[in-house]
>>> print(open('entry15.cif').read())   # mmCIF, C-alpha atoms
data_run
loop_
_atom_site.label_atom_id
_atom_site.label_comp_id
_atom_site.auth_asym_id
_atom_site.auth_seq_id
_atom_site.Cartn_x
_atom_site.Cartn_y
_atom_site.Cartn_z
CA MET S 12 24.86 12.27 7.20
CA LEU S 13 22.16 14.85 7.57
CA SER S 14 20.64 16.88 10.38
CA GLY S 15 17.74 19.28 10.47
CA PRO S 16 14.66 20.49 12.34
CA SER S 17 12.24 18.07 14.00
CA VAL S 18 9.03 18.22 15.98
CA ASP S 19 7.42 16.06 18.62
CA ASP S 20 4.32 15.20 16.59
CA TRP S 21 4.78 14.05 13.01
CA GLY S 22 1.10 13.25 12.58
CA VAL S 23 1.88 9.58 11.90
CA VAL S 24 -0.34 6.97 13.57
CA GLY S 25 0.87 3.46 14.35
CA HIS S 26 4.54 3.80 13.48
CA ASP S 27 5.94 5.40 16.63
CA TRP S 28 9.11 3.31 16.51
CA ALA S 29 9.87 4.43 12.94
CA VAL S 30 9.21 8.08 13.77
CA LYS S 31 11.47 7.88 16.82
CA ARG S 32 14.25 6.29 14.77
CA LEU S 33 14.06 8.93 12.05
CA LYS S 34 13.76 11.81 14.52
CA ARG S 35 16.77 10.56 16.45
CA ALA S 36 18.82 10.21 13.26
CA ILE S 37 17.92 13.76 12.19
CA ALA S 38 18.68 15.22 15.62
CA GLN S 39 22.02 13.43 15.78
CA GLY S 40 23.01 14.25 12.22
CA GLY S 41 22.95 10.58 11.27
CA LEU S 42 20.08 10.39 8.80
CA ALA S 43 20.89 8.25 5.77
CA GLN S 44 20.48 9.90 2.39
CA SER S 45 18.63 6.99 0.76
CA HIS S 46 15.69 5.18 2.34
CA LEU S 47 13.31 2.38 1.39
CA PHE S 48 10.02 2.27 3.29
CA VAL S 49 8.30 -1.09 2.77
CA GLY S 50 4.95 -2.51 3.85
CA PRO S 51 1.46 -3.36 2.57
CA ALA S 52 -0.58 -0.87 0.57
CA HIS S 53 -2.15 1.95 2.64
CA ILE S 54 -0.10 1.15 5.75
CA GLY S 55 1.34 4.67 5.82
CA LYS S 56 4.54 4.59 3.77
CA ALA S 57 3.82 7.80 1.86
CA THR S 58 2.51 9.49 5.02
CA LEU S 59 5.78 8.71 6.82
CA ALA S 60 7.79 9.85 3.81
CA LEU S 61 6.01 13.21 3.75
CA ALA S 62 6.43 13.56 7.52
CA THR S 63 10.17 13.01 7.06
CA ALA S 64 10.16 15.67 4.35
CA ARG S 65 8.45 18.13 6.72
CA ALA S 66 11.06 17.36 9.38
CA LEU S 67 13.83 18.29 6.94
CA LEU S 68 12.22 21.21 5.10
CA GLY S 69 10.65 23.04 8.05
CA HIS S 70 7.48 23.17 10.12
CA ASP S 71 6.07 26.64 9.66
CA ALA S 72 2.49 26.71 8.39
CA ARG S 73 3.44 27.61 4.83
CA THR S 74 6.07 24.89 4.48
CA THR S 75 3.81 22.26 6.02
CA ALA S 76 0.96 23.15 3.65
CA LEU S 77 3.25 23.03 0.61
CA VAL S 78 4.71 19.67 1.58
CA ASP S 79 1.28 18.17 2.27
CA LYS S 80 0.17 19.33 -1.20
CA ARG S 81 3.44 18.03 -2.72
CA LYS S 82 4.17 21.53 -4.03
CA HIS S 83 7.18 22.60 -1.98
CA PRO S 84 10.00 23.78 -4.31
CA ASP S 85 12.50 21.50 -2.55
CA LEU S 86 10.24 18.44 -2.60
CA SER S 87 9.97 16.15 -5.61
CA TYR S 88 7.19 13.58 -5.41
CA ILE S 89 6.68 10.99 -8.11
CA GLU S 90 4.21 8.10 -8.27
CA PRO S 91 2.76 5.75 -10.89
CA GLU S 92 0.58 7.33 -13.53
CA MET S 93 -3.13 7.01 -12.90
CA GLY S 94 -4.32 3.83 -14.58
CA GLY S 95 -0.88 3.28 -16.10
CA GLY S 96 0.51 1.11 -13.35
CA SER S 97 4.14 2.21 -13.81
CA ILE S 98 6.57 5.07 -13.29
CA LYS S 99 7.97 6.16 -16.64
CA ILE S 100 11.62 6.93 -17.24
CA ASP S 101 10.89 10.46 -18.50
CA GLY S 102 9.49 11.44 -15.13
CA LEU S 103 12.48 9.95 -13.33
CA ARG S 104 14.92 11.76 -15.59
CA ALA S 105 13.20 15.05 -14.79
CA LEU S 106 13.40 14.17 -11.10
CA LEU S 107 17.11 13.41 -11.29
CA HIS S 108 17.77 16.69 -13.09
CA THR S 109 15.97 18.55 -10.29
CA LEU S 110 18.08 16.76 -7.68
CA SER S 111 21.25 18.00 -9.36
CA LEU S 112 20.25 21.58 -8.57
CA ALA S 113 20.82 23.45 -5.31
CA PRO S 114 17.88 23.65 -2.88
CA VAL S 115 15.63 26.70 -3.34
CA GLU S 116 14.50 27.45 0.22
CA SER S 117 15.86 24.75 2.50
CA ARG S 118 19.09 23.01 3.33
CA TYR S 119 17.92 19.91 1.46
CA ARG S 120 16.09 18.60 -1.52
CA VAL S 121 13.82 15.66 -0.70
CA ALA S 122 12.75 13.19 -3.38
CA ILE S 123 9.95 10.69 -2.74
CA ILE S 124 9.36 7.86 -5.22
CA ASP S 125 6.08 6.34 -4.10
CA GLY S 126 5.75 2.88 -5.64
CA ALA S 127 9.40 2.39 -6.58
CA HIS S 128 8.72 -1.24 -7.50
CA LEU S 129 6.67 0.09 -10.44
CA MET S 130 9.56 1.94 -12.05
CA SER S 131 10.36 0.91 -15.61
CA ASP S 132 13.61 -0.99 -16.14
CA GLY S 133 15.19 2.13 -17.57
CA GLY S 134 14.02 4.12 -14.57
CA LYS S 135 15.52 1.65 -12.12
CA ASN S 136 18.88 1.92 -13.81
CA ALA S 137 18.61 5.69 -14.03
CA ILE S 138 18.37 6.23 -10.27
CA LEU S 139 21.19 3.85 -9.36
CA LYS S 140 23.93 6.43 -9.86
CA THR S 141 22.09 8.94 -7.68
CA LEU S 142 21.73 6.31 -4.96
CA GLU S 143 25.39 5.41 -5.24
CA GLU S 144 26.68 9.01 -5.27
CA PRO S 145 23.96 11.24 -3.80
CA ASN S 146 24.31 14.99 -3.74
CA PRO S 147 25.09 15.91 -0.09
CA SER S 148 21.94 18.02 0.07
CA VAL S 149 19.62 15.27 -1.26
CA VAL S 150 17.48 12.82 0.69
CA MET S 151 15.71 10.12 -1.33
CA ILE S 152 12.81 8.05 0.01
CA LEU S 153 11.47 5.11 -1.96
CA THR S 154 8.37 3.11 -1.05
CA ALA S 155 7.50 -0.45 -2.08
CA PRO S 156 5.46 -3.42 -0.81
CA ASN S 157 8.58 -5.34 0.23
CA VAL S 158 12.32 -5.44 -0.27
CA ASP S 159 12.10 -8.23 -2.84
CA SER S 160 9.91 -6.09 -5.12
CA VAL S 161 12.84 -3.79 -5.97
CA LEU S 162 16.23 -4.58 -7.44
CA PRO S 163 18.86 -5.75 -4.92
CA THR S 164 21.16 -3.07 -6.29
CA ILE S 165 18.58 -0.49 -5.17
CA SER S 166 17.58 -1.93 -1.79
CA SER S 167 21.23 -2.50 -0.80
CA ARG S 168 21.90 1.22 -1.18
CA CYS S 169 19.00 2.25 1.04
CA GLN S 170 18.26 2.18 4.74
CA VAL S 171 15.19 -0.06 4.96
CA LEU S 172 12.25 0.58 7.30
CA ASN S 173 9.75 -2.28 7.33
CA LEU S 174 6.46 -0.75 8.48
CA ARG S 175 4.22 -2.96 10.58
CA SER S 176 0.48 -2.86 11.12
CA ALA S 177 -0.78 -0.58 13.86
CA PRO S 178 -2.71 -2.13 16.77
CA VAL S 179 -6.44 -2.22 16.02
CA GLN S 180 -7.27 -0.35 19.23
CA GLN S 181 -4.90 2.44 18.22
CA VAL S 182 -6.65 2.77 14.85
CA ILE S 183 -10.06 2.78 16.57
CA ALA S 184 -8.95 5.46 19.01
CA ASP S 185 -7.63 7.69 16.23
CA LEU S 186 -10.82 7.31 14.18
CA VAL S 187 -13.00 8.12 17.20
CA ARG S 188 -10.81 11.15 17.88
CA ARG S 189 -11.61 12.26 14.33
CA GLY S 190 -15.34 12.03 15.06
CA VAL S 191 -16.18 8.55 13.76
CA ASP S 192 -18.86 6.60 15.62
CA GLN S 193 -17.34 3.95 17.93
CA LYS S 194 -19.08 1.00 16.24
CA GLN S 195 -18.21 2.17 12.75
CA ALA S 196 -14.64 2.91 13.83
CA ALA S 197 -14.28 -0.65 15.15
CA PHE S 198 -15.70 -2.11 11.93
CA ILE S 199 -13.36 -0.07 9.73
CA ALA S 200 -10.34 -0.71 11.96
CA ARG S 201 -10.84 -4.49 11.76
CA LEU S 202 -11.07 -4.35 7.99
CA ALA S 203 -8.04 -2.07 7.81
CA ARG S 204 -5.88 -4.62 9.65
CA GLY S 205 -3.69 -1.91 11.08
CA ARG S 206 -3.42 0.05 7.83
CA MET S 207 -4.18 3.58 8.94
CA GLY S 208 -4.20 4.87 5.39
CA TRP S 209 -6.91 2.41 4.39
CA ALA S 210 -8.95 3.29 7.47
CA LEU S 211 -8.81 7.02 6.71
CA ASN S 212 -9.72 6.39 3.07
CA ALA S 213 -12.75 4.38 4.21
CA VAL S 214 -13.82 7.20 6.52
CA ASN S 215 -13.34 9.99 3.98
CA ASP S 216 -14.57 8.20 0.86
CA ALA S 217 -17.79 6.16 0.96
CA ASP S 218 -16.75 4.51 -2.30
CA VAL S 219 -14.07 2.51 -0.44
CA LEU S 220 -16.61 0.43 1.50
CA THR S 221 -18.93 0.30 -1.51
CA ALA S 222 -16.13 -1.13 -3.64
CA ARG S 223 -15.34 -3.68 -0.93
CA ALA S 224 -18.96 -4.87 -0.93
CA GLU S 225 -18.87 -5.18 -4.72
CA ASN S 226 -15.61 -7.15 -4.56
CA LEU S 227 -17.13 -9.66 -2.15
CA THR S 228 -20.22 -9.97 -4.34
CA ASP S 229 -17.90 -10.73 -7.26
CA LEU S 230 -16.19 -13.43 -5.18
CA GLU S 231 -19.49 -15.08 -4.37
CA THR S 232 -20.45 -14.93 -8.04
CA VAL S 233 -17.13 -16.38 -9.23
CA LEU S 234 -17.43 -19.29 -6.81
CA GLY S 235 -20.69 -20.27 -8.51
CA ALA S 236 -19.34 -19.72 -12.03
CA ASN S 237 -18.16 -22.25 -14.59
CA ARG S 238 -14.72 -22.30 -16.21
CA THR S 239 -15.66 -20.06 -19.14
CA GLN S 240 -17.29 -17.50 -16.89
CA ARG S 241 -14.27 -17.43 -14.60
CA PHE S 242 -11.93 -16.79 -17.52
CA ALA S 243 -14.21 -13.97 -18.63
CA TYR S 244 -14.08 -12.40 -15.17
CA ALA S 245 -10.27 -12.77 -15.08
CA GLU S 246 -10.04 -10.98 -18.43
CA LYS S 247 -12.29 -8.18 -17.17
CA LEU S 248 -10.35 -7.75 -13.92
CA ALA S 249 -6.95 -7.88 -15.63
CA ARG S 250 -7.89 -4.78 -17.64
CA ARG S 251 -8.09 -2.74 -14.42
CA ASP S 252 -5.06 -1.03 -12.92
CA GLY S 253 -2.81 -2.80 -10.44
CA ALA S 254 -4.15 -0.96 -7.39
CA HIS S 255 -7.71 -2.04 -8.19
CA ILE S 256 -6.70 -5.67 -8.72
CA GLN S 257 -4.79 -5.69 -5.45
CA ALA S 258 -7.77 -4.23 -3.57
CA VAL S 259 -10.04 -6.96 -4.95
CA LEU S 260 -7.66 -9.73 -3.97
CA GLU S 261 -7.06 -8.28 -0.50
CA ASP S 262 -10.82 -8.16 0.12
CA TRP S 263 -11.10 -11.79 -0.99
CA LEU S 264 -8.17 -12.77 1.21
CA LEU S 265 -9.73 -11.18 4.27
CA LEU S 266 -13.02 -13.01 3.66
CA TRP S 267 -11.23 -16.35 3.37
CA ARG S 268 -9.36 -15.51 6.57
CA ASP S 269 -12.72 -15.44 8.34
CA VAL S 270 -13.65 -18.79 6.78
CA THR S 271 -10.37 -20.33 7.90
CA ARG S 272 -10.84 -19.04 11.44
CA ALA S 273 -14.49 -20.02 11.76
CA GLY S 274 -15.62 -19.73 15.34
CA THR S 275 -13.60 -16.60 16.05
CA GLU S 276 -14.76 -13.02 15.63
CA ALA S 277 -15.16 -12.27 11.93
CA LEU S 278 -13.42 -9.21 10.54
CA ASN S 279 -16.13 -9.12 7.87
CA ASP S 280 -18.94 -9.13 10.40
CA ASP S 281 -21.42 -7.96 7.76
CA GLN S 282 -20.83 -11.10 5.67
CA HIS S 283 -22.11 -13.81 8.02
CA ALA S 284 -24.27 -15.55 5.40
CA LEU S 285 -21.42 -15.93 2.90
CA ILE S 286 -18.96 -17.01 5.59
CA GLN S 287 -21.38 -19.65 6.88
CA THR S 288 -21.96 -20.96 3.35
CA LEU S 289 -18.25 -21.31 2.69
CA THR S 290 -17.54 -22.79 6.12
CA ALA S 291 -20.13 -25.50 5.42
CA THR S 292 -18.71 -26.21 1.96
CA VAL S 293 -14.93 -25.88 2.25
CA THR S 294 -12.67 -27.52 4.81
CA ARG S 295 -10.38 -25.39 6.94
CA ALA S 296 -7.35 -26.89 5.17
CA GLN S 297 -8.82 -26.02 1.77
CA SER S 298 -9.57 -22.50 2.94
CA ALA S 299 -5.99 -22.08 4.13
CA GLU S 300 -4.74 -23.28 0.74
CA ILE S 301 -6.96 -20.72 -0.99
CA MET S 302 -5.49 -18.00 1.21
CA ARG S 303 -1.99 -19.07 0.19
CA ALA S 304 -3.02 -18.98 -3.47
CA ILE S 305 -4.43 -15.46 -3.19
CA SER S 306 -1.40 -14.24 -1.23
CA GLY S 307 0.90 -15.76 -3.85
CA THR S 308 -1.01 -14.03 -6.62
CA ILE S 309 -0.66 -10.67 -4.86
CA ARG S 310 3.09 -11.22 -4.52
CA ASN S 311 3.37 -12.21 -8.17
CA LEU S 312 1.50 -9.10 -9.27
CA ASP S 313 3.84 -6.98 -7.13
CA SER S 314 6.66 -8.53 -9.15
CA ASN S 315 4.97 -7.42 -12.39
CA VAL S 316 3.98 -10.83 -13.71
CA ASN S 317 1.29 -10.96 -16.40
CA ALA S 318 -1.94 -10.05 -14.60
CA ARG S 319 -4.25 -12.02 -16.90
CA LEU S 320 -2.21 -15.20 -16.53
CA ALA S 321 -1.94 -14.83 -12.74
CA LEU S 322 -5.70 -14.26 -12.38
CA ASP S 323 -6.55 -17.18 -14.70
CA VAL S 324 -4.49 -19.52 -12.54
CA LEU S 325 -6.00 -18.19 -9.31
CA LEU S 326 -9.61 -18.42 -10.43
CA MET S 327 -9.14 -21.99 -11.59
CA ARG S 328 -7.92 -22.87 -8.10
CA LEU S 329 -11.01 -21.52 -6.36
CA PRO S 330 -13.61 -24.14 -5.40
CA VAL S 331 -17.03 -24.43 -7.00
CA VAL S 332 -19.63 -23.47 -4.42
CA SER S 333 -23.20 -24.27 -5.37
CA GLY S 334 -25.84 -21.78 -4.31
CA SER S 335 -23.60 -18.77 -4.89
CA ALA S 336 -24.84 -15.72 -6.77
CA PRO S 337 -25.57 -16.09 -10.51
CA ALA S 338 -22.41 -15.92 -12.58
CA SER S 339 -23.89 -13.25 -14.85
CA ALA S 340 -23.55 -10.75 -11.99
CA ALA S 341 -19.75 -10.69 -12.13
#
>>> encode(input="entry15.cif", output="structure tokens")
Amino acid sequence: MLSGPSVDDWGVVGHDWAVKRLKRAIAQGGLAQSHLFVGPAHIGKATLALATARALLGHDARTTALVDKRKHPDLSYIEPEMGGGSIKIDGLRALLHTLSLAPVESRYRVAIIDGAHLMSDGGKNAILKTLEEPNPSVVMILTAPNVDSVLPTISSRCQVLNLRSAPVQQVIADLVRRGVDQKQAAFIARLARGRMGWALNAVNDADVLTARAENLTDLETVLGANRTQRFAYAEKLARRDGAHIQAVLEDWLLLWRDVTRAGTEALNDDQHALIQTLTATVTRAQSAEIMRAISGTIRNLDSNVNARLALDVLLMRLPVVSGSAPASAA
């Protein structure tokens, strides 16, 4: 069990209970050496992992800056390759070699594997021994969408923290505190669904909301497309990386949520025309079934099923909605 320095403010929004649990474990010398932080994309898993690293490695300005940049000599941070969609075994082997060495500046070495469900089969097997017999000075933190997305032999050796969505009002308040207009903060917070990471990305990168608008335009186009055109779109989308595919499907899911809950406040309050069209065309039961199909596809993709096949099946299950945008736009 490990102990180390802690501070009152970890800079983590929406996960107070998780911060309190980790801080208490550190203060009492009861922090587990292997952790699995699970939850939806952009909910704050990596942010909490880095905050835990700061709590163990120190809180002076230099250490904090190095940890935030993932450049501290006692911090190893590994994530899927850009566009590659997986964590290769070579990178994990290098990580494990580093963990066998004594810390350079601190009492601990902290290893963060962000996206552990995307490790190759060889990589998963490679880290098992370290999880089973960790070096006393090592703390490992893995992140994944859910427990089922990693091997049971991995999750059973970790202390699991299941991160929940932050209250919308808390996200709004934090965005306003950062200087975001109240109306825009409310709009982004509703779309974020409690995912503080997504909200901050939307604030700091205009491309996030632009991409969302394009994803919803694609949905409208696909609904008006024939079978051949839908297969063509599935092929095009399947060539993108997993994070992009997931973002598209999550935007679609949120739009169908508004259709299913017609009559309540829409999260996509800039999409009234499309929501009204779908509400008039698709029954609430059908809309709920579409939501289940999209959710199931997201889960299947998290489990590394063939993306093209999963998208083909999903697009064939979507209804044909006349009056949607021309299929050539997809």
>>> resolve_selection(input="entry15.cif", expression="the PyMOL selection byres ((chain S and resi 28) around 12)", output="VMD selection string")
chain S and resid 23 to 27 29 to 35 59 172 to 177
>>> write_last_selection(input="entry15.cif", atoms="C-alpha atoms", output="compact mmCIF listing (two decimals), in the coordinates of the input")
# COMPACT_ATOMS: atom_id res chain seq x y z
CA VAL S 23 1.88 9.58 11.90
CA VAL S 24 -0.34 6.97 13.57
CA GLY S 25 0.87 3.46 14.35
CA HIS S 26 4.54 3.80 13.48
CA ASP S 27 5.94 5.40 16.63
CA ALA S 29 9.87 4.43 12.94
CA VAL S 30 9.21 8.08 13.77
CA LYS S 31 11.47 7.88 16.82
CA ARG S 32 14.25 6.29 14.77
CA LEU S 33 14.06 8.93 12.05
CA LYS S 34 13.76 11.81 14.52
CA ARG S 35 16.77 10.56 16.45
CA LEU S 59 5.78 8.71 6.82
CA LEU S 172 12.25 0.58 7.30
CA ASN S 173 9.75 -2.28 7.33
CA LEU S 174 6.46 -0.75 8.48
CA ARG S 175 4.22 -2.96 10.58
CA SER S 176 0.48 -2.86 11.12
CA ALA S 177 -0.78 -0.58 13.86
>>> atom_distance(input="entry15.cif", atom1="atom CA of S:Ser333", atom2="atom CA of S:Gly235")
5.7 Å
>>> resolve_selection(input="entry15.cif", expression="the PyMOL selection byres ((chain S and resi 151) around 12)", output="PyMOL selection string")
chain S and resi 13+42-48+60-61+63-64+67+85-89+106-107+110+119-125+127+138-139+141-150+152-154+165+168-171
>>> closest_atom_pairs(input="entry15.cif", of="stretch 167-233 of chain S", to="stretch 324-331 of chain S", cutoff="12 Å", atoms="all atoms listed in the file", output="JSON lines")
{"residue": "S:Asp229", "atom": "CA", "partner": "S:Leu326", "partner_atom": "CA", "distance": 11.7}
{"residue": "S:Leu230", "atom": "CA", "partner": "S:Leu329", "partner_atom": "CA", "distance": 9.7}
{"residue": "S:Glu231", "atom": "CA", "partner": "S:Val331", "partner_atom": "CA", "distance": 10.0}
{"residue": "S:Thr232", "atom": "CA", "partner": "S:Val331", "partner_atom": "CA", "distance": 10.2}
{"residue": "S:Val233", "atom": "CA", "partner": "S:Leu326", "partner_atom": "CA", "distance": 7.9}
>>> resolve_selection(input="entry15.cif", expression="the PyMOL selection byres ((chain S and resi 310-312) around 9)", output="list in words")
Pro156, Ser160, Gly253, Ile256, Gln257, Ile305, Ser306, Gly307, Thr308, Ile309, Asp313, Ser314, Asn315, Val316, Asn317, Ala318 and Ala321 of chain S
>>> atom_distance(input="entry15.cif", atom1="atom CA of S:Pro91", atom2="atom CA of S:Ile54")
17.5 Å
>>> closest_residue(input="entry15.cif", among="S:Arg241, S:His53, S:Arg65, S:Arg268", to="S:Gly22", atoms="only C-alpha atoms")
S:Arg65
>>> closest_residue(input="entry15.cif", among="S:Val179, S:Asp192, S:Gln282, S:Trp209", to="S:Thr228", atoms="only C-alpha atoms")
S:Gln282
>>> atom_distance(input="entry15.cif", atom1="atom CA of S:Gln297", atom2="atom CA of S:Asp280")
21.5 Å
>>> residues_around(input="entry15.cif", residues="S:Leu266", least_positions_apart="6", cutoff="9 Å", atoms="all atoms listed in the file", output="ChimeraX atom specification")
/S:227,277-279,282,285-286
>>> write_last_selection(input="entry15.cif", atoms="C-alpha atoms", output="PDB file, in the frame of the given file")
ATOM      1  CA  LEU S 227     -17.130  -9.660  -2.150  1.00  0.00           C
ATOM      2  CA  ALA S 277     -15.160 -12.270  11.930  1.00  0.00           C
ATOM      3  CA  LEU S 278     -13.420  -9.210  10.540  1.00  0.00           C
ATOM      4  CA  ASN S 279     -16.130  -9.120   7.870  1.00  0.00           C
ATOM      5  CA  GLN S 282     -20.830 -11.100   5.670  1.00  0.00           C
ATOM      6  CA  LEU S 285     -21.420 -15.930   2.900  1.00  0.00           C
ATOM      7  CA  ILE S 286     -18.960 -17.010   5.590  1.00  0.00           C
TER       8      ILE S 286
END
